[in-house]
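Student: Please find one structure pasted underneath; my questions will follow.
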Amino acid sequence: MEATSAGTSLAIVDRRGSVTKADMRDQPRISALERVWVFWRDDNGQIREMRSLIRNVSGGGALVLSYRPLPVGTFIRIRATNLHFLAGCGRVRHCRRWGLVYLIGMKFDSEVAARFA
């Protein structure tokens, strides 16, 4: 194994030359299972909302479990129901089906640490 640097991220490359996404992340992910509200505008400009779950969170983004898909690039806002500091807005980076739910990866507009500086 060897470490390579690309931009600000450090990736671990194995003998086959493959790199996993987890190895390329700039910030560590923290596992979570918290209920959140997700807000977005639909194609008609109407504000929509749904209850979802946060699966993990980092300073730069979060993984949301949802019962409906959202298009990549959609501007969304999340707000936790119990952890009031867990809130933010950003864009959908990816959305894929996982069993009966969708995994929505979002990237925050500003990093969490920058909000408290």
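Residues are referred to by chain and number: the chain letter is A, B, ... according to the order shown in the structure tokens, the number counts from 1 in that chain, and ligands are numbered separately from 1 in the order shown.
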Pick out the residues sitting within 12 Å of A:Arg96, and hand them over as an NGL selection string; count only C-alpha atoms, and ignore anything fewer than 2 positions along from it in its own chain.

Tutor: :A and (63-72 or 92-94 or 98-105)

Student: Can you write just those residues out, N, CA and C atoms, as an mmCIF file, in the first residue's frame?

Tutor:
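File selection12.cif, as written:
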data_model
loop_
_atom_site.group_PDB
_atom_site.id
_atom_site.type_symbol
_atom_site.label_atom_id
_atom_site.label_comp_id
_atom_site.auth_asym_id
_atom_site.auth_seq_id
_atom_site.Cartn_x
_atom_site.Cartn_y
_atom_site.Cartn_z
ATOM 1 N N LEU A 63 -25.297 12.019 4.783
ATOM 2 C CA LEU A 63 -25.989 10.980 4.034
ATOM 3 C C LEU A 63 -27.373 10.830 4.637
ATOM 4 N N VAL A 64 -28.400 11.045 3.831
ATOM 5 C CA VAL A 64 -29.789 11.038 4.279
ATOM 6 C C VAL A 64 -30.498 9.828 3.690
ATOM 7 N N LEU A 65 -31.250 9.098 4.508
ATOM 8 C CA LEU A 65 -32.108 8.016 4.037
ATOM 9 C C LEU A 65 -33.489 8.589 3.813
ATOM 10 N N SER A 66 -34.038 8.355 2.632
ATOM 11 C CA SER A 66 -35.301 8.963 2.264
ATOM 12 C C SER A 66 -36.222 7.949 1.601
ATOM 13 N N TYR A 67 -37.517 8.161 1.688
ATOM 14 C CA TYR A 67 -38.461 7.281 1.007
ATOM 15 C C TYR A 67 -38.719 7.735 -0.428
ATOM 16 N N ARG A 68 -38.183 8.867 -0.832
ATOM 17 C CA ARG A 68 -38.341 9.340 -2.204
ATOM 18 C C ARG A 68 -37.017 9.886 -2.716
ATOM 19 N N PRO A 69 -36.770 9.746 -4.022
ATOM 20 C CA PRO A 69 -35.514 10.258 -4.584
ATOM 21 C C PRO A 69 -35.588 11.760 -4.816
ATOM 22 N N LEU A 70 -34.431 12.389 -4.820
ATOM 23 C CA LEU A 70 -34.323 13.798 -5.184
ATOM 24 C C LEU A 70 -33.275 13.916 -6.280
ATOM 25 N N PRO A 71 -33.516 14.762 -7.278
ATOM 26 C CA PRO A 71 -32.557 14.887 -8.379
ATOM 27 C C PRO A 71 -31.225 15.480 -7.922
ATOM 28 N N VAL A 72 -30.146 14.991 -8.528
ATOM 29 C CA VAL A 72 -28.814 15.536 -8.267
ATOM 30 C C VAL A 72 -28.830 17.023 -8.607
ATOM 31 N N VAL A 92 -27.794 18.199 -3.437
ATOM 32 C CA VAL A 92 -27.737 16.749 -3.589
ATOM 33 C C VAL A 92 -26.579 16.415 -4.519
ATOM 34 N N ARG A 93 -25.647 15.601 -4.034
ATOM 35 C CA ARG A 93 -24.494 15.174 -4.846
ATOM 36 C C ARG A 93 -24.761 13.849 -5.539
ATOM 37 N N HIS A 94 -25.475 12.961 -4.839
ATOM 38 C CA HIS A 94 -25.848 11.681 -5.455
ATOM 39 C C HIS A 94 -27.110 11.167 -4.789
ATOM 40 N N TRP A 98 -31.522 2.022 -2.339
ATOM 41 C CA TRP A 98 -30.913 1.047 -1.451
ATOM 42 C C TRP A 98 -32.051 0.283 -0.778
ATOM 43 N N GLY A 99 -32.446 -0.816 -1.354
ATOM 44 C CA GLY A 99 -33.597 -1.565 -0.848
ATOM 45 C C GLY A 99 -34.877 -0.778 -1.078
ATOM 46 N N LEU A 100 -35.596 -0.490 -0.010
ATOM 47 C CA LEU A 100 -36.862 0.248 -0.114
ATOM 48 C C LEU A 100 -36.700 1.751 0.047
ATOM 49 N N VAL A 101 -35.483 2.219 0.317
ATOM 50 C CA VAL A 101 -35.246 3.646 0.532
ATOM 51 C C VAL A 101 -34.208 4.164 -0.460
ATOM 52 N N TYR A 102 -33.959 5.455 -0.390
ATOM 53 C CA TYR A 102 -32.939 6.099 -1.218
ATOM 54 C C TYR A 102 -31.869 6.680 -0.306
ATOM 55 N N LEU A 103 -30.627 6.559 -0.744
ATOM 56 C CA LEU A 103 -29.504 7.185 -0.055
ATOM 57 C C LEU A 103 -29.197 8.475 -0.789
ATOM 58 N N ILE A 104 -29.343 9.589 -0.095
ATOM 59 C CA ILE A 104 -29.107 10.901 -0.686
ATOM 60 C C ILE A 104 -27.865 11.502 -0.032
ATOM 61 N N GLY A 105 -26.843 11.693 -0.832
ATOM 62 C CA GLY A 105 -25.627 12.333 -0.350
ATOM 63 C C GLY A 105 -25.723 13.823 -0.604
#

Student: With a distance cut-off of 9 Å and only C-alpha atoms, select the neighbouring residues of stretch 42-54 of chain A, excluding the residue or stretch itself and same-chain residues fewer than 2 positions from it, and output the selection as number ranges by chain.

Tutor: A: 31-40, 56-57, 62-68, 74, 80

Student: Hey, can you spit out that residue selection with N, CA and C atoms as a PDB file, in the first residue's frame?

Tutor:
ATOM      1  N   SER A  31     -21.121   8.347  12.350  1.00  0.00           N
ATOM      2  CA  SER A  31     -22.376   7.612  12.210  1.00  0.00           C
ATOM      3  C   SER A  31     -23.450   8.262  13.058  1.00  0.00           C
ATOM      4  N   ALA A  32     -24.635   8.311  12.516  1.00  0.00           N
ATOM      5  CA  ALA A  32     -25.762   8.916  13.231  1.00  0.00           C
ATOM      6  C   ALA A  32     -27.040   8.230  12.767  1.00  0.00           C
ATOM      7  N   LEU A  33     -28.036   8.292  13.570  1.00  0.00           N
ATOM      8  CA  LEU A  33     -29.365   7.832  13.189  1.00  0.00           C
ATOM      9  C   LEU A  33     -30.353   8.782  13.856  1.00  0.00           C
ATOM     10  N   GLU A  34     -30.547   9.915  13.231  1.00  0.00           N
ATOM     11  CA  GLU A  34     -31.375  10.996  13.781  1.00  0.00           C
ATOM     12  C   GLU A  34     -32.438  11.374  12.774  1.00  0.00           C
ATOM     13  N   ARG A  35     -33.646  11.627  13.262  1.00  0.00           N
ATOM     14  CA  ARG A  35     -34.724  12.086  12.376  1.00  0.00           C
ATOM     15  C   ARG A  35     -34.480  13.533  11.973  1.00  0.00           C
ATOM     16  N   VAL A  36     -34.709  13.800  10.699  1.00  0.00           N
ATOM     17  CA  VAL A  36     -34.553  15.151  10.170  1.00  0.00           C
ATOM     18  C   VAL A  36     -35.720  15.477   9.255  1.00  0.00           C
ATOM     19  N   TRP A  37     -35.954  16.762   9.101  1.00  0.00           N
ATOM     20  CA  TRP A  37     -36.860  17.256   8.080  1.00  0.00           C
ATOM     21  C   TRP A  37     -36.006  17.691   6.898  1.00  0.00           C
ATOM     22  N   VAL A  38     -36.440  17.347   5.707  1.00  0.00           N
ATOM     23  CA  VAL A  38     -35.762  17.766   4.480  1.00  0.00           C
ATOM     24  C   VAL A  38     -36.733  18.668   3.723  1.00  0.00           C
ATOM     25  N   PHE A  39     -36.249  19.838   3.305  1.00  0.00           N
ATOM     26  CA  PHE A  39     -37.061  20.805   2.554  1.00  0.00           C
ATOM     27  C   PHE A  39     -36.412  21.059   1.205  1.00  0.00           C
ATOM     28  N   TRP A  40     -37.220  21.194   0.158  1.00  0.00           N
ATOM     29  CA  TRP A  40     -36.723  21.510  -1.178  1.00  0.00           C
ATOM     30  C   TRP A  40     -37.863  22.084  -2.007  1.00  0.00           C
ATOM     31  N   ASN A  56     -25.184   9.348   8.307  1.00  0.00           N
ATOM     32  CA  ASN A  56     -23.901   9.821   8.814  1.00  0.00           C
ATOM     33  C   ASN A  56     -23.735  11.275   8.420  1.00  0.00           C
ATOM     34  N   VAL A  57     -22.796  11.925   9.099  1.00  0.00           N
ATOM     35  CA  VAL A  57     -22.588  13.356   8.869  1.00  0.00           C
ATOM     36  C   VAL A  57     -21.104  13.674   9.037  1.00  0.00           C
ATOM     37  N   ALA A  62     -23.639  15.201   4.459  1.00  0.00           N
ATOM     38  CA  ALA A  62     -24.396  14.204   5.205  1.00  0.00           C
ATOM     39  C   ALA A  62     -24.978  13.178   4.247  1.00  0.00           C
ATOM     40  N   LEU A  63     -25.297  12.019   4.783  1.00  0.00           N
ATOM     41  CA  LEU A  63     -25.989  10.980   4.034  1.00  0.00           C
ATOM     42  C   LEU A  63     -27.373  10.830   4.637  1.00  0.00           C
ATOM     43  N   VAL A  64     -28.400  11.045   3.831  1.00  0.00           N
ATOM     44  CA  VAL A  64     -29.789  11.038   4.279  1.00  0.00           C
ATOM     45  C   VAL A  64     -30.498   9.828   3.690  1.00  0.00           C
ATOM     46  N   LEU A  65     -31.250   9.098   4.508  1.00  0.00           N
ATOM     47  CA  LEU A  65     -32.108   8.016   4.037  1.00  0.00           C
ATOM     48  C   LEU A  65     -33.489   8.589   3.813  1.00  0.00           C
ATOM     49  N   SER A  66     -34.038   8.355   2.632  1.00  0.00           N
ATOM     50  CA  SER A  66     -35.301   8.963   2.264  1.00  0.00           C
ATOM     51  C   SER A  66     -36.222   7.949   1.601  1.00  0.00           C
ATOM     52  N   TYR A  67     -37.517   8.161   1.688  1.00  0.00           N
ATOM     53  CA  TYR A  67     -38.461   7.281   1.007  1.00  0.00           C
ATOM     54  C   TYR A  67     -38.719   7.735  -0.428  1.00  0.00           C
ATOM     55  N   ARG A  68     -38.183   8.867  -0.832  1.00  0.00           N
ATOM     56  CA  ARG A  68     -38.341   9.340  -2.204  1.00  0.00           C
ATOM     57  C   ARG A  68     -37.017   9.886  -2.716  1.00  0.00           C
ATOM     58  N   THR A  74     -30.290  19.328  -6.693  1.00  0.00           N
ATOM     59  CA  THR A  74     -31.386  19.979  -5.975  1.00  0.00           C
ATOM     60  C   THR A  74     -30.859  20.645  -4.706  1.00  0.00           C
ATOM     61  N   ALA A  80     -32.661  18.756  12.041  1.00  0.00           N
ATOM     62  CA  ALA A  80     -32.927  17.636  12.935  1.00  0.00           C
ATOM     63  C   ALA A  80     -34.089  17.979  13.857  1.00  0.00           C
TER      64      ALA A  80
END

Student: Just checking: using only C-alpha atoms, which residue out of A:Arg97, A:Met106, A:Ala87, A:Arg55 ends up closest to A:Phe75?

Tutor: A:Met106

Student: From the set A:Pro28, A:Phe108, A:Cys89, A:Gly61, which residue has the shortest atom-to-atom contact distance to A:Arg77, counting only C-alpha atoms?

Tutor: A:Cys89

Student: What separation in Å, quoted to one decimal, exists between atom CA of A:Lys107 and atom CA of A:Gly73?

Tutor: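 Distance between the two atoms: 9.9 Å.
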
Student: When you draw a straight line from atom CA of A:Gly60 to atom CA of A:Gly88, how long is it in Å?

Tutor: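 Between these atoms lies a distance of 10.1 Å.
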
Student: Between atom CA of A:Ile30 and atom CA of A:Ile76, what is the spacing in Å?

Tutor: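 These atoms are spaced 20.4 Å apart.
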